[in-house]
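Note: the block below is entry02.csv and it holds CSV, C-alpha atoms.
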```
chain,number,residue,atom,x,y,z
A,1,MET,CA,90.2,112.5,66.4
A,2,ASP,CA,87.1,110.7,67.5
A,3,TYR,CA,85.2,112.2,70.4
A,4,PRO,CA,82.3,110.0,71.6
A,5,ASN,CA,79.0,111.8,71.7
A,6,ASP,CA,78.4,110.8,75.3
A,7,GLN,CA,81.8,112.0,76.5
A,8,ALA,CA,81.5,114.4,79.4
A,9,PRO,CA,83.2,117.8,79.1
A,10,GLY,CA,86.6,117.5,80.8
A,11,ALA,CA,86.8,113.7,80.5
A,12,PRO,CA,90.0,112.1,79.3
A,13,VAL,CA,90.1,112.2,75.5
A,14,ARG,CA,88.6,109.0,74.1
A,15,ARG,CA,88.4,107.7,77.6
A,16,GLY,CA,92.1,106.7,77.7
A,17,ILE,CA,92.1,104.6,74.6
A,18,PRO,CA,95.7,104.5,73.2
A,19,GLU,CA,96.2,105.8,69.6
A,20,HIS,CA,97.0,102.3,68.4
A,21,GLY,CA,93.5,101.3,69.5
A,22,ARG,CA,94.5,98.3,71.6
A,23,ILE,CA,92.7,98.7,74.9
A,24,PRO,CA,94.4,97.0,77.9
A,25,LYS,CA,92.2,94.4,79.4
A,26,TYR,CA,92.2,95.9,82.9
A,27,TYR,CA,91.1,99.2,81.4
A,28,ALA,CA,88.2,97.7,79.7
A,29,VAL,CA,87.2,96.1,83.0
A,30,LYS,CA,87.7,99.4,84.7
A,31,ALA,CA,85.3,101.1,82.2
A,32,ARG,CA,82.6,98.5,83.0
A,33,LEU,CA,83.1,98.9,86.7
A,34,ASP,CA,82.7,102.7,86.2
A,35,ARG,CA,79.3,102.1,84.8
A,36,LEU,CA,78.5,99.6,87.7
A,37,ILE,CA,79.5,102.3,90.2
A,38,GLU,CA,77.0,104.7,88.7
A,39,GLU,CA,74.3,102.1,89.0
A,40,LEU,CA,75.1,101.2,92.6
A,41,GLY,CA,75.4,104.8,93.9
A,42,GLU,CA,77.2,106.0,97.0
A,43,GLY,CA,77.6,103.3,99.7
A,44,GLY,CA,76.6,100.5,97.3
A,45,ALA,CA,78.6,97.3,97.8
A,46,LEU,CA,80.6,95.9,94.9
A,47,PRO,CA,80.0,92.2,94.2
A,48,THR,CA,82.8,89.8,95.2
A,49,GLU,CA,85.9,89.5,93.1
A,50,ARG,CA,84.8,86.0,92.2
A,51,ASP,CA,81.5,87.2,90.9
A,52,LEU,CA,83.0,90.1,89.0
A,53,SER,CA,85.7,88.0,87.4
A,54,GLU,CA,83.2,85.5,86.2
A,55,ARG,CA,80.8,88.3,85.0
A,56,TYR,CA,83.6,90.0,83.0
A,57,ASP,CA,85.4,86.8,82.0
A,58,VAL,CA,88.8,88.0,83.3
A,59,ALA,CA,91.5,86.8,85.7
A,60,ARG,CA,91.3,87.9,89.3
A,61,GLU,CA,94.6,89.9,89.0
A,62,THR,CA,93.2,91.8,86.0
A,63,LEU,CA,90.1,92.7,88.0
A,64,ARG,CA,92.2,93.7,91.0
A,65,GLN,CA,94.2,96.1,88.9
A,66,ALA,CA,91.1,97.8,87.8
A,67,ILE,CA,89.7,98.0,91.3
A,68,ARG,CA,93.0,99.3,92.7
A,69,GLU,CA,92.9,102.2,90.2
A,70,LEU,CA,89.3,103.1,91.1
A,71,VAL,CA,90.2,103.1,94.8
A,72,LEU,CA,93.2,105.4,94.1
A,73,GLU,CA,90.9,107.7,92.1
A,74,GLY,CA,88.5,107.8,95.0
A,75,LYS,CA,85.6,106.2,93.3
A,76,LEU,CA,85.7,103.1,95.5
A,77,ARG,CA,86.8,102.6,99.1
A,78,ARG,CA,87.6,99.6,101.2
A,79,HIS,CA,85.0,98.7,103.8
A,80,GLY,CA,85.9,95.8,106.1
A,81,ARG,CA,86.6,92.9,103.8
A,82,GLY,CA,84.6,94.4,100.9
A,83,THR,CA,84.6,97.4,98.6
A,84,VAL,CA,81.9,100.0,98.4
A,85,VAL,CA,81.2,103.0,96.2
A,86,ALA,CA,82.8,106.2,97.7
A,87,GLY,CA,81.1,109.5,98.0
A,88,PRO,CA,82.1,112.6,96.0
A,89,LYS,CA,85.5,114.2,96.7
A,90,LEU,CA,85.7,117.1,99.1
A,91,GLU,CA,86.4,120.3,97.2
A,92,GLN,CA,88.8,122.6,99.2
A,93,PRO,CA,89.2,126.1,97.9
A,94,LEU,CA,92.7,127.5,97.4
A,95,SER,CA,92.2,130.6,99.5
A,96,LEU,CA,93.0,132.0,102.9
A,97,ALA,CA,90.1,130.1,104.4
A,98,SER,CA,90.3,127.4,107.0
A,99,TYR,CA,89.7,123.7,106.5
A,100,THR,CA,86.7,124.0,108.8
A,101,GLU,CA,85.0,126.6,106.5
A,102,GLY,CA,85.7,124.6,103.4
A,103,VAL,CA,84.2,121.4,104.7
A,104,ARG,CA,81.1,123.0,106.2
A,105,ARG,CA,80.3,124.6,102.8
A,106,GLN,CA,79.8,121.1,101.5
A,107,GLY,CA,77.4,120.0,104.2
A,108,ARG,CA,80.0,117.9,106.0
A,109,THR,CA,81.0,118.1,109.7
A,110,PRO,CA,84.7,119.1,110.1
A,111,GLY,CA,86.7,117.7,113.0
A,112,ARG,CA,90.3,117.5,114.2
A,113,ASP,CA,92.1,115.1,116.5
A,114,LEU,CA,95.1,116.6,118.4
A,115,VAL,CA,98.3,114.6,117.9
A,116,THR,CA,100.7,117.0,119.5
A,117,LEU,CA,101.1,120.6,120.7
A,118,ASP,CA,104.6,121.5,121.8
A,119,ARG,CA,107.0,124.4,121.7
A,120,PHE,CA,110.7,124.6,120.8
A,121,PRO,CA,113.3,127.1,119.6
A,122,CYS,CA,112.7,128.1,115.9
A,123,PRO,CA,115.2,126.1,113.8
A,124,GLU,CA,117.3,127.8,111.1
A,125,ALA,CA,115.3,126.3,108.2
A,126,LEU,CA,112.0,127.4,109.5
A,127,ALA,CA,113.4,130.9,110.3
A,128,ALA,CA,114.7,131.2,106.7
A,129,GLU,CA,111.4,130.2,105.2
A,130,THR,CA,109.1,132.3,107.4
A,131,GLY,CA,111.1,135.3,108.4
A,132,LEU,CA,110.9,134.4,112.1
A,133,THR,CA,114.0,134.8,114.3
A,134,ARG,CA,116.2,131.7,114.7
A,135,GLY,CA,115.9,130.5,118.3
A,136,GLU,CA,112.7,132.3,119.2
A,137,PRO,CA,110.0,130.0,120.7
A,138,VAL,CA,107.5,128.5,118.3
A,139,TRP,CA,104.4,126.3,118.7
A,140,HIS,CA,104.0,123.2,116.7
A,141,LEU,CA,100.4,122.1,116.4
A,142,GLU,CA,99.7,118.7,114.7
A,143,ARG,CA,96.2,117.4,114.1
A,144,VAL,CA,94.4,114.7,112.1
A,145,LEU,CA,91.7,116.2,109.9
A,146,ARG,CA,88.3,114.6,109.7
A,147,ALA,CA,85.2,115.1,107.6
A,148,ASP,CA,82.3,113.6,109.5
A,149,ASP,CA,83.9,110.6,111.1
A,150,GLU,CA,86.4,109.9,108.2
A,151,ARG,CA,90.1,110.7,108.6
A,152,VAL,CA,91.1,112.7,105.5
A,153,GLY,CA,94.4,114.5,106.3
A,154,LEU,CA,97.1,115.6,108.6
A,155,GLU,CA,97.9,119.2,109.4
A,156,SER,CA,101.1,120.6,111.0
A,157,THR,CA,101.1,124.3,112.0
A,158,TYR,CA,104.1,126.4,113.2
A,159,VAL,CA,103.5,129.8,114.8
A,160,ALA,CA,105.5,132.1,117.0
A,161,VAL,CA,104.7,131.8,120.7
A,162,ALA,CA,104.8,135.6,120.9
A,163,ARG,CA,101.8,135.8,118.5
A,164,VAL,CA,99.6,133.4,120.5
A,165,PRO,CA,101.3,132.9,123.9
A,166,ARG,CA,98.3,131.1,125.5
A,167,LEU,CA,97.7,128.7,122.6
A,168,ASP,CA,98.2,125.7,125.0
A,169,THR,CA,95.5,126.9,127.4
A,170,ASP,CA,93.0,129.0,125.4
A,171,PHE,CA,92.7,127.1,122.1
A,172,GLU,CA,90.3,124.2,121.6
A,173,PRO,CA,92.2,121.7,119.5
A,174,ASP,CA,89.1,120.6,117.6
A,175,SER,CA,88.2,124.1,116.5
A,176,SER,CA,89.4,126.3,113.6
A,177,PHE,CA,92.8,127.8,114.2
A,178,TYR,CA,92.0,130.7,111.8
A,179,ALA,CA,88.9,131.6,113.8
A,180,TYR,CA,91.1,131.6,117.0
A,181,LEU,CA,93.6,133.9,115.4
A,182,ARG,CA,90.8,136.3,114.3
A,183,ALA,CA,89.5,136.3,117.9
A,184,GLN,CA,92.9,137.4,119.0
A,185,GLY,CA,92.7,140.4,116.7
A,186,ILE,CA,95.1,139.0,114.1
A,187,ALA,CA,94.1,139.7,110.5
A,188,PHE,CA,95.4,137.7,107.6
A,189,GLY,CA,97.2,139.5,104.8
A,190,ASP,CA,98.5,137.1,102.1
A,191,ALA,CA,100.2,133.8,101.8
A,192,ASP,CA,102.5,131.8,99.5
A,193,GLU,CA,101.3,128.3,98.7
A,194,ARG,CA,102.8,125.3,97.0
A,195,ILE,CA,101.1,121.9,96.1
A,196,GLU,CA,102.8,118.7,95.3
A,197,THR,CA,102.0,115.0,95.1
A,198,VAL,CA,103.7,112.7,97.7
A,199,LEU,CA,103.4,109.4,99.5
A,200,ALA,CA,102.8,109.6,103.2
A,201,THR,CA,105.5,108.3,105.6
A,202,PRO,CA,104.6,105.2,107.6
A,203,ARG,CA,103.8,107.4,110.6
A,204,GLU,CA,101.6,109.7,108.6
A,205,ALA,CA,99.8,106.8,106.9
A,206,LEU,CA,99.1,105.3,110.3
A,207,LEU,CA,97.7,108.6,111.7
A,208,ILE,CA,95.5,109.2,108.7
A,209,GLY,CA,94.5,105.5,108.4
A,210,THR,CA,95.6,104.9,104.8
A,211,PRO,CA,97.9,102.5,103.0
A,212,PRO,CA,101.4,104.1,102.5
A,213,ALA,CA,101.0,103.6,98.7
A,214,LEU,CA,98.0,106.0,98.5
A,215,PRO,CA,99.0,109.3,96.8
A,216,MET,CA,98.7,112.4,98.9
A,217,LEU,CA,98.3,116.0,98.1
A,218,LEU,CA,100.7,118.1,100.1
A,219,ILE,CA,100.2,121.8,100.6
A,220,HIS,CA,102.8,124.1,102.0
A,221,ARG,CA,101.6,127.5,103.1
A,222,VAL,CA,103.5,130.5,104.6
A,223,SER,CA,101.0,133.1,105.8
A,224,ARG,CA,101.5,136.8,106.8
A,225,ASP,CA,99.3,139.2,108.7
A,226,ALA,CA,97.8,142.4,107.3
A,227,ASP,CA,101.0,144.2,108.2
A,228,GLY,CA,103.2,141.8,106.2
A,229,ARG,CA,104.6,140.1,109.3
A,230,PRO,CA,105.2,136.3,109.3
A,231,LEU,CA,102.3,134.5,110.9
A,232,GLU,CA,102.2,130.8,110.3
A,233,ARG,CA,103.9,127.9,108.4
A,234,VAL,CA,101.5,125.1,107.6
A,235,ARG,CA,102.2,121.7,106.1
A,236,THR,CA,99.0,119.8,105.3
A,237,LEU,CA,98.6,116.3,103.8
A,238,TYR,CA,95.3,115.5,102.1
A,239,ARG,CA,94.2,112.1,100.9
A,240,GLY,CA,94.4,112.2,97.1
A,241,ASP,CA,91.4,109.9,96.8
A,242,ARG,CA,89.2,112.2,98.9
A,243,PHE,CA,90.1,115.7,97.9
A,244,SER,CA,90.2,118.1,95.0
A,245,PHE,CA,91.2,121.7,95.0
A,246,THR,CA,89.4,124.6,93.4
A,247,THR,CA,90.3,128.2,92.6
A,248,ARG,CA,89.0,131.1,90.5
A,249,LEU,CA,91.4,132.7,88.0
A,250,SER,CA,91.0,136.1,86.5
A,251,GLY,CA,92.9,138.0,83.8
```
Is it possible to express this structure as C-alpha cells?
Amino acid sequence: MDYPNDQAPGAPVRRGIPEHGRIPKYYAVKARLDRLIEELGEGGALPTERDLSERYDVARETLRQAIRELVLEGKLRRHGRGTVVAGPKLEQPLSLASYTEGVRRQGRTPGRDLVTLDRFPCPEALAAETGLTRGEPVWHLERVLRADDERVGLESTYVAVARVPRLDTDFEPDSSFYAYLRAQGIAFGDADERIETVLATPREALLIGTPPALPMLLIHRVSRDADGRPLERVRTLYRGDRFSFTTRLSG
C-alpha cells in the first residue's frame, strides 16, 4: 500500500482515498480546503462560497459538503454569516479530575452557567445504577459548560442530599463541584465511565448553542468515595467538534 512521504503519523491511510482510486469530488475539495485552513490559521476567515467554488471549479453543493464535514470535524466554525478557522480541540483527560482542572491545564478559562438545581426523591433507575436508596432525596445540578466564552457542553450531576445537604446555599454554581466535595472532606475513590456518540435533543442543542445534527460525545460516570460508597452520577454532553479525550494506558 502506498503511504505518502508527507503523511503525518496517525493520519488516515492514504488520506481517505478508496482502494479503487476514484476520489469523490467533494473529498478533493475538502483536501484543498484543509491546506487553505493551515495557511489562514486560527480565526482566519474562509473566502465566500462563490469565490471558493470558482477557485476550485466545483458546484456550490459540492463545496458545501466539504465545508460541512470540516465544521463537524471541528476544523472550521460558523461565525455570523461566514466561516472561520477553528482553534485546536480541547483535550479532556479521562480521569477523576474536574472539567475545570482539565480546561485550565490548556490555558483556557473554564466557566459554567447554572440551568437548574433542584431536589427530588431518588427514582428506581437511578437507585439501581448508583446504589443509592430509592426515594431518598437527591440533588440534580445541571450546568452549561464554557471554555472562555464558548459554550462547549452540558453537565447533569446527581448526588444524595445527605452527602451535601447545603448544596443549594453553600455551592457557587460557576465553580468546580469536585473542589467543593473535597472542601466538605469527601475523598474520591473510583468510578465507572462509559463514552458514546449521540445527537443532542432539541433542548440540549438550544442550551449548548449548536445545531441538533452536530455529533456529541456523551460521558456517563458513576463515582464512589474512598470508602466505596456511591457519590455521584454524572451525564455530560461534550461538543464533538470541540473535544477529544485522552488517557494513559499501562500493561
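What separates atom CA of Val152 of chain A from atom CA of Asp34 of chain A is a distance of 23.3 Å.
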Residues within 10 Å of (100.4, 136.9, 100.2), file coords, all atoms listed in the file, listed as a compact mmCIF listing (two decimals) with C-alpha atoms, in the coordinates of the input:
```txt
# COMPACT_ATOMS: atom_id res chain seq x y z
CA LEU A 96 93.00 132.00 102.90
CA PHE A 188 95.40 137.70 107.60
CA GLY A 189 97.20 139.50 104.80
CA ASP A 190 98.50 137.10 102.10
CA ALA A 191 100.20 133.80 101.80
CA ASP A 192 102.50 131.80 99.50
CA GLU A 193 101.30 128.30 98.70
CA ARG A 221 101.60 127.50 103.10
CA VAL A 222 103.50 130.50 104.60
CA SER A 223 101.00 133.10 105.80
CA ARG A 224 101.50 136.80 106.80
CA ASP A 225 99.30 139.20 108.70
CA ALA A 226 97.80 142.40 107.30
CA GLY A 228 103.20 141.80 106.20
```
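Here the question is which of A:Glu196, A:Glu39, A:Glu61, A:Asp51 gets nearest to Arg235 of chain A using all atoms listed in the file, and that residue is A:Glu196.
Between atom CA of Leu214 of chain A and atom CA of Thr83 of chain A lies a distance of 15.9 Å.
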Report, in Å with one decimal, the straight-line distance from atom CA of Tyr238 of chain A to atom CA of Leu218 of chain A.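 Pair atom CA of Tyr238 of chain A / atom CA of Leu218 of chain A returns 6.3 Å.
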I'd like to know which of A:Ile37, A:Ala213, A:Val29, A:Val84 is closest to Ala66 of chain A, using only C-alpha atoms.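 That would be A:Val29, the residue with the smallest distance to Ala66 of chain A.
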Among the residues A:Gly41, A:Gly153, A:Pro47, A:Pro165, the one that comes closest to Gly240 of chain A [using only C-alpha atoms]: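 The shortest atom-to-atom distance to Gly240 of chain A comes from A:Gly153.
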Nearest to Asp174 of chain A among A:Glu204, A:Asp113, A:Glu232, A:Glu136, with distances taken over all atoms listed in the file: which residue is it? A:Asp113
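Closest to Leu145 of chain A among A:Ile208, A:Thr116, A:Ser53, A:Leu70 is A:Ile208, based on all atoms listed in the file.
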Set the distance at 10 Å and use all atoms listed in the file: which residues neighbour Pro211 of chain A once local chain neighbours fewer than 3 positions away are removed? I'd like the list as a ChimeraX atom specification. /A:199-202,204-206,208,214-215
List the spatial neighbours of Tyr27 of chain A as an NGL selection string - criterion: any atom at most 9 Å away, all atoms listed in the file, same-chain residues fewer than 2 positions off excluded. :A and (16-17 or 23-25 or 29-32 or 62 or 65-66)
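With only C-alpha atoms as the atoms that count, the minimum distance from Thr130 of chain A to the choices A:Val144, A:Ala183, A:Ala28, A:Val159 is reached by A:Val159.
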Neighbours of Leu126 of chain A within 10 Å (all atoms listed in the file; same-chain residues fewer than 4 positions away dropped), as a ChimeraX atom specification? /A:122,130-134,138,158,233
Within 12 Å of Arg55 of chain A, counting only C-alpha atoms, which residues qualify if same-chain residues fewer than 5 places away don't, as a count of residues only? 10
Would you fill the gaps in segment 58-81 of chain A so it has N, CA, C and O atoms, then print it as a PDB file, keeping the file's coordinate frame?
```pdb
ATOM      1  N   VAL A  58      87.390  87.614  83.171  1.00  0.00           N
ATOM      2  CA  VAL A  58      88.800  88.000  83.300  1.00  0.00           C
ATOM      3  C   VAL A  58      89.427  87.362  84.487  1.00  0.00           C
ATOM      4  O   VAL A  58      88.732  86.875  85.388  1.00  0.00           O
ATOM      5  N   ALA A  59      90.744  87.365  84.515  1.00  0.00           N
ATOM      6  CA  ALA A  59      91.500  86.800  85.700  1.00  0.00           C
ATOM      7  C   ALA A  59      91.302  87.716  86.874  1.00  0.00           C
ATOM      8  O   ALA A  59      91.068  88.921  86.740  1.00  0.00           O
ATOM      9  N   ARG A  60      91.448  87.139  88.044  1.00  0.00           N
ATOM     10  CA  ARG A  60      91.300  87.900  89.300  1.00  0.00           C
ATOM     11  C   ARG A  60      92.286  89.085  89.332  1.00  0.00           C
ATOM     12  O   ARG A  60      91.930  90.175  89.770  1.00  0.00           O
ATOM     13  N   GLU A  61      93.546  88.847  88.903  1.00  0.00           N
ATOM     14  CA  GLU A  61      94.600  89.900  89.000  1.00  0.00           C
ATOM     15  C   GLU A  61      94.203  91.067  88.047  1.00  0.00           C
ATOM     16  O   GLU A  61      94.437  92.234  88.379  1.00  0.00           O
ATOM     17  N   THR A  62      93.616  90.784  86.895  1.00  0.00           N
ATOM     18  CA  THR A  62      93.200  91.800  86.000  1.00  0.00           C
ATOM     19  C   THR A  62      92.082  92.675  86.650  1.00  0.00           C
ATOM     20  O   THR A  62      92.093  93.911  86.606  1.00  0.00           O
ATOM     21  N   LEU A  63      91.146  91.995  87.287  1.00  0.00           N
ATOM     22  CA  LEU A  63      90.100  92.700  88.000  1.00  0.00           C
ATOM     23  C   LEU A  63      90.635  93.526  89.140  1.00  0.00           C
ATOM     24  O   LEU A  63      90.234  94.683  89.333  1.00  0.00           O
ATOM     25  N   ARG A  64      91.584  92.967  89.889  1.00  0.00           N
ATOM     26  CA  ARG A  64      92.200  93.700  91.000  1.00  0.00           C
ATOM     27  C   ARG A  64      92.879  94.953  90.587  1.00  0.00           C
ATOM     28  O   ARG A  64      92.834  95.970  91.281  1.00  0.00           O
ATOM     29  N   GLN A  65      93.550  94.909  89.442  1.00  0.00           N
ATOM     30  CA  GLN A  65      94.200  96.100  88.900  1.00  0.00           C
ATOM     31  C   GLN A  65      93.223  97.211  88.659  1.00  0.00           C
ATOM     32  O   GLN A  65      93.451  98.380  88.983  1.00  0.00           O
ATOM     33  N   ALA A  66      92.097  96.843  88.048  1.00  0.00           N
ATOM     34  CA  ALA A  66      91.100  97.800  87.800  1.00  0.00           C
ATOM     35  C   ALA A  66      90.482  98.413  89.051  1.00  0.00           C
ATOM     36  O   ALA A  66      90.284  99.633  89.166  1.00  0.00           O
ATOM     37  N   ILE A  67      90.241  97.556  90.039  1.00  0.00           N
ATOM     38  CA  ILE A  67      89.700  98.000  91.300  1.00  0.00           C
ATOM     39  C   ILE A  67      90.692  98.906  92.038  1.00  0.00           C
ATOM     40  O   ILE A  67      90.325  99.934  92.607  1.00  0.00           O
ATOM     41  N   ARG A  68      91.969  98.517  92.015  1.00  0.00           N
ATOM     42  CA  ARG A  68      93.000  99.300  92.700  1.00  0.00           C
ATOM     43  C   ARG A  68      93.013 100.755  92.121  1.00  0.00           C
ATOM     44  O   ARG A  68      93.126 101.734  92.873  1.00  0.00           O
ATOM     45  N   GLU A  69      92.923 100.890  90.811  1.00  0.00           N
ATOM     46  CA  GLU A  69      92.900 102.200  90.200  1.00  0.00           C
ATOM     47  C   GLU A  69      91.702 103.023  90.618  1.00  0.00           C
ATOM     48  O   GLU A  69      91.785 104.223  90.886  1.00  0.00           O
ATOM     49  N   LEU A  70      90.563 102.376  90.683  1.00  0.00           N
ATOM     50  CA  LEU A  70      89.300 103.100  91.100  1.00  0.00           C
ATOM     51  C   LEU A  70      89.380 103.485  92.547  1.00  0.00           C
ATOM     52  O   LEU A  70      88.821 104.517  92.927  1.00  0.00           O
ATOM     53  N   VAL A  71      90.063 102.689  93.376  1.00  0.00           N
ATOM     54  CA  VAL A  71      90.200 103.100  94.800  1.00  0.00           C
ATOM     55  C   VAL A  71      91.164 104.279  94.878  1.00  0.00           C
ATOM     56  O   VAL A  71      90.887 105.239  95.602  1.00  0.00           O
ATOM     57  N   LEU A  72      92.261 104.262  94.120  1.00  0.00           N
ATOM     58  CA  LEU A  72      93.200 105.400  94.100  1.00  0.00           C
ATOM     59  C   LEU A  72      92.549 106.660  93.609  1.00  0.00           C
ATOM     60  O   LEU A  72      92.880 107.762  94.056  1.00  0.00           O
ATOM     61  N   GLU A  73      91.620 106.529  92.676  1.00  0.00           N
ATOM     62  CA  GLU A  73      90.900 107.700  92.100  1.00  0.00           C
ATOM     63  C   GLU A  73      89.814 108.185  93.045  1.00  0.00           C
ATOM     64  O   GLU A  73      89.218 109.229  92.795  1.00  0.00           O
ATOM     65  N   GLY A  74      89.521 107.420  94.100  1.00  0.00           N
ATOM     66  CA  GLY A  74      88.500 107.800  95.000  1.00  0.00           C
ATOM     67  C   GLY A  74      87.092 107.467  94.663  1.00  0.00           C
ATOM     68  O   GLY A  74      86.136 107.936  95.291  1.00  0.00           O
ATOM     69  N   LYS A  75      86.923 106.611  93.660  1.00  0.00           N
ATOM     70  CA  LYS A  75      85.600 106.200  93.300  1.00  0.00           C
ATOM     71  C   LYS A  75      85.079 105.020  94.084  1.00  0.00           C
ATOM     72  O   LYS A  75      83.863 104.828  94.242  1.00  0.00           O
ATOM     73  N   LEU A  76      86.011 104.224  94.579  1.00  0.00           N
ATOM     74  CA  LEU A  76      85.700 103.100  95.500  1.00  0.00           C
ATOM     75  C   LEU A  76      86.494 103.248  96.739  1.00  0.00           C
ATOM     76  O   LEU A  76      87.526 103.923  96.763  1.00  0.00           O
ATOM     77  N   ARG A  77      86.024 102.617  97.812  1.00  0.00           N
ATOM     78  CA  ARG A  77      86.800 102.600  99.100  1.00  0.00           C
ATOM     79  C   ARG A  77      86.625 101.220  99.708  1.00  0.00           C
ATOM     80  O   ARG A  77      85.600 100.549  99.532  1.00  0.00           O
ATOM     81  N   ARG A  78      87.653 100.824 100.443  1.00  0.00           N
ATOM     82  CA  ARG A  78      87.600  99.600 101.200  1.00  0.00           C
ATOM     83  C   ARG A  78      86.726  99.713 102.387  1.00  0.00           C
ATOM     84  O   ARG A  78      86.765 100.728 103.071  1.00  0.00           O
ATOM     85  N   HIS A  79      85.912  98.696 102.647  1.00  0.00           N
ATOM     86  CA  HIS A  79      85.000  98.700 103.800  1.00  0.00           C
ATOM     87  C   HIS A  79      85.009  97.325 104.397  1.00  0.00           C
ATOM     88  O   HIS A  79      84.366  96.412 103.860  1.00  0.00           O
ATOM     89  N   GLY A  80      85.762  97.161 105.515  1.00  0.00           N
ATOM     90  CA  GLY A  80      85.900  95.800 106.100  1.00  0.00           C
ATOM     91  C   GLY A  80      86.607  94.929 105.079  1.00  0.00           C
ATOM     92  O   GLY A  80      87.668  95.272 104.571  1.00  0.00           O
ATOM     93  N   ARG A  81      86.001  93.811 104.743  1.00  0.00           N
ATOM     94  CA  ARG A  81      86.600  92.900 103.800  1.00  0.00           C
ATOM     95  C   ARG A  81      86.077  93.119 102.375  1.00  0.00           C
ATOM     96  O   ARG A  81      86.467  92.417 101.435  1.00  0.00           O
TER      97      ARG A  81
END
```
